[in-house]
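Asks: Quick one: structure below, then a few questions.
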Amino acid sequence: MANKPPKAKEKLKKTTAKKKSVKSDISEKLEELNGNLEQEKDKYLRLFAEFENFKKRTAKERIELFKTAGQEVISAILPILDDMERAINQTPEEERKSIEGFVLINNKLIDVLRINGLNVAVTNIGDTFDAEIHEAITLIPSDDDQKGKIIDVTEKGYQLGDKIIRFPKVVVGQ
């Protein structure tokens with residue numbers, strides 16, 4: 001019995017070869033499926049990351065929109081605010097009592113605008129002129145120590161949040 005008949009040996013070789021062939025086919029198929037799975041995982045992760053970035057970007061844009069939503073209305077109110085301030089400043093001291101109500105209304109308007117994010121852009125006489133934050137309306141001859149410096153502020157500038165909505169109008173020494 002130690003020696004198997006040649007037909008049985010041949011049959012055993014064929015069966016073993018078939019099993020090896022089936023195993024190699026299965027392992028090839030498994031490798032292919034694992035490769036496809038990795039590709040799909042990669043696609044999923046990229047799509048998920050892209051979606052997260054989209055959510056963050058739209059949330060940021062939405063916050064910016066809310067911050068500057070009233071910009072047009074506030075910009076339209078600024079000339080009125082300037083006129084009220086000029087009128088108050090032109091009133092002599094002895095007549096201030098008669099316009100006290102207008103002063104209170106002006107202060108209330110300024111407070112409401114400040115609560116909504118409007119701030120005065122601080123510009124002082126003697127500061128160095130910066131074209132990014134100031135608007136030069138005229139240049140006048142001046143001493144060497146005042147060249148490139150602000151000599152007069154003719155109109156205040158305003159910021160809404162971090163955005164400048166009106167640049168301060170200044171006179172610069174030349």
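The chains in the structure tokens are called A, B, ... from first to last as shown; in each chain the residues are counted from 1, and the ligands are counted from 1 in the order shown.
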Using DSSP on the backbone coordinates, identify all residues within segment 3-174 of chain A classified as helix (DSSP H, G or I); present the result as a PyMOL selection string.
Replies: chain A and resi 6-67+71-90+93-115+144-146
Asks: Excluding segment 57-74 of chain A and its own-chain neighbours fewer than 6 positions away, which residues fall within 9 Å of it when counting only C-alpha atoms? Please give them as number ranges by chain.
Replies: A: 113, 116-118, 160-161, 163, 165
Asks: Compile the contact shell of segment 152-154 of chain A as an mmCIF file with C-alpha atoms, in the first residue's frame: residues with an atom at most 9 Å away, counting only C-alpha atoms, same-chain residues fewer than 2 positions apart removed.
Replies:
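After the write, part.cif holds the following:
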```cif
data_model
loop_
_atom_site.group_PDB
_atom_site.id
_atom_site.type_symbol
_atom_site.label_atom_id
_atom_site.label_comp_id
_atom_site.auth_asym_id
_atom_site.auth_seq_id
_atom_site.Cartn_x
_atom_site.Cartn_y
_atom_site.Cartn_z
ATOM 1 C CA THR A 123 -6.376 109.349 13.885
ATOM 2 C CA ASN A 124 -4.407 112.063 15.650
ATOM 3 C CA ILE A 125 -2.710 115.162 14.359
ATOM 4 C CA GLY A 126 1.004 114.466 14.109
ATOM 5 C CA ILE A 137 -7.553 115.019 0.640
ATOM 6 C CA ILE A 150 -1.073 114.391 9.475
ATOM 7 C CA LYS A 156 -13.472 110.904 11.021
ATOM 8 C CA PRO A 168 -10.439 109.214 7.805
ATOM 9 C CA LYS A 169 -9.925 112.215 5.513
ATOM 10 C CA VAL A 170 -6.720 114.016 6.421
ATOM 11 C CA VAL A 171 -4.477 116.881 5.376
ATOM 12 C CA VAL A 172 -0.841 115.807 5.033
#
```
Asks: Using atom CA of Ser24 of chain A and atom CA of Lys43 of chain A as the two end points, give the distance in Å to one decimal.
Replies: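 These atoms are spaced 28.4 Å apart.
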Asks: Enumerate, as a ChimeraX atom specification, the complete set of residues in chain A that a backbone-based DSSP assignment places in strand (DSSP E or B).
Replies: /A:118-121,128,135-140,149-155,157-160,163-166,169-173
Asks: May I ask for the distance between atom CA of Ile110 of chain A and atom CA of Asp83 of chain A, given in Å to one decimal place?
Replies: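 If I compute the distance from atom CA of Ile110 of chain A to atom CA of Asp83 of chain A, I get 12.9 Å.
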Asks: Taking only C-alpha atoms into account, name the residue in A:Pro141, A:Met84, A:Phe54, A:Arg46 that is nearest to Asn107 of chain A.
Replies: A:Met84
Asks: Just how far from atom CA of Arg114 of chain A is atom CA of Asp162 of chain A, in Å to one decimal?
Replies: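 Separating atom CA of Asp162 of chain A from atom CA of Arg114 of chain A is a distance of 13.1 Å.
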Asks: List the spatial neighbours of Ile133 of chain A as a PyMOL selection string - criterion: any atom at most 8 Å away, only C-alpha atoms, same-chain residues fewer than 3 positions off excluded.
Replies: chain A and resi 130+164+167-168
Asks: Suppose we keep C-alpha atoms; can you now write the selection as an mmCIF file, in the first residue's frame?
Replies:
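Dumped to out-v4.cif:
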```
data_model
loop_
_atom_site.group_PDB
_atom_site.id
_atom_site.type_symbol
_atom_site.label_atom_id
_atom_site.label_comp_id
_atom_site.auth_asym_id
_atom_site.auth_seq_id
_atom_site.Cartn_x
_atom_site.Cartn_y
_atom_site.Cartn_z
ATOM 1 C CA ASP A 130 -0.468 105.696 6.072
ATOM 2 C CA ILE A 164 -12.790 100.027 7.548
ATOM 3 C CA PHE A 167 -11.327 106.111 5.777
ATOM 4 C CA PRO A 168 -10.439 109.214 7.805
#
```
Asks: Would you mind listing what lies within 12 Å of Ile105 of chain A as an mmCIF file with N, CA and C atoms, in the first residue's frame, with only C-alpha atoms counted and same-chain residues fewer than 4 positions away left out?
Replies:
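New file result_32.cif:
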```
data_model
loop_
_atom_site.group_PDB
_atom_site.id
_atom_site.type_symbol
_atom_site.label_atom_id
_atom_site.label_comp_id
_atom_site.auth_asym_id
_atom_site.auth_seq_id
_atom_site.Cartn_x
_atom_site.Cartn_y
_atom_site.Cartn_z
ATOM 1 N N LEU A 81 -24.612 111.561 11.294
ATOM 2 C CA LEU A 81 -23.843 111.644 12.535
ATOM 3 C C LEU A 81 -22.833 112.789 12.461
ATOM 4 N N MET A 84 -24.690 116.145 12.756
ATOM 5 C CA MET A 84 -25.108 116.426 14.144
ATOM 6 C C MET A 84 -23.912 116.877 14.972
ATOM 7 N N GLU A 85 -22.786 116.216 14.781
ATOM 8 C CA GLU A 85 -21.576 116.578 15.530
ATOM 9 C C GLU A 85 -21.115 117.990 15.159
ATOM 10 N N ILE A 88 -23.491 120.538 16.753
ATOM 11 C CA ILE A 88 -23.253 120.648 18.196
ATOM 12 C C ILE A 88 -21.976 121.453 18.452
ATOM 13 N N ILE A 99 -29.750 123.069 23.286
ATOM 14 C CA ILE A 99 -29.645 121.896 22.399
ATOM 15 C C ILE A 99 -29.278 120.622 23.161
ATOM 16 N N GLU A 100 -29.458 120.648 24.457
ATOM 17 C CA GLU A 100 -29.095 119.499 25.289
ATOM 18 C C GLU A 100 -29.800 118.212 24.838
ATOM 19 N N GLY A 101 -31.042 118.318 24.403
ATOM 20 C CA GLY A 101 -31.789 117.156 23.908
ATOM 21 C C GLY A 101 -31.139 116.557 22.672
ATOM 22 N N LEU A 109 -27.368 107.730 19.698
ATOM 23 C CA LEU A 109 -27.105 107.182 18.360
ATOM 24 C C LEU A 109 -25.688 106.606 18.281
ATOM 25 N N ILE A 110 -24.732 107.324 18.831
ATOM 26 C CA ILE A 110 -23.343 106.837 18.848
ATOM 27 C C ILE A 110 -23.244 105.539 19.633
ATOM 28 N N ASP A 111 -23.934 105.450 20.774
ATOM 29 C CA ASP A 111 -23.910 104.228 21.585
ATOM 30 C C ASP A 111 -24.533 103.046 20.850
ATOM 31 N N VAL A 112 -25.642 103.276 20.168
ATOM 32 C CA VAL A 112 -26.299 102.196 19.415
ATOM 33 C C VAL A 112 -25.378 101.701 18.299
#
```
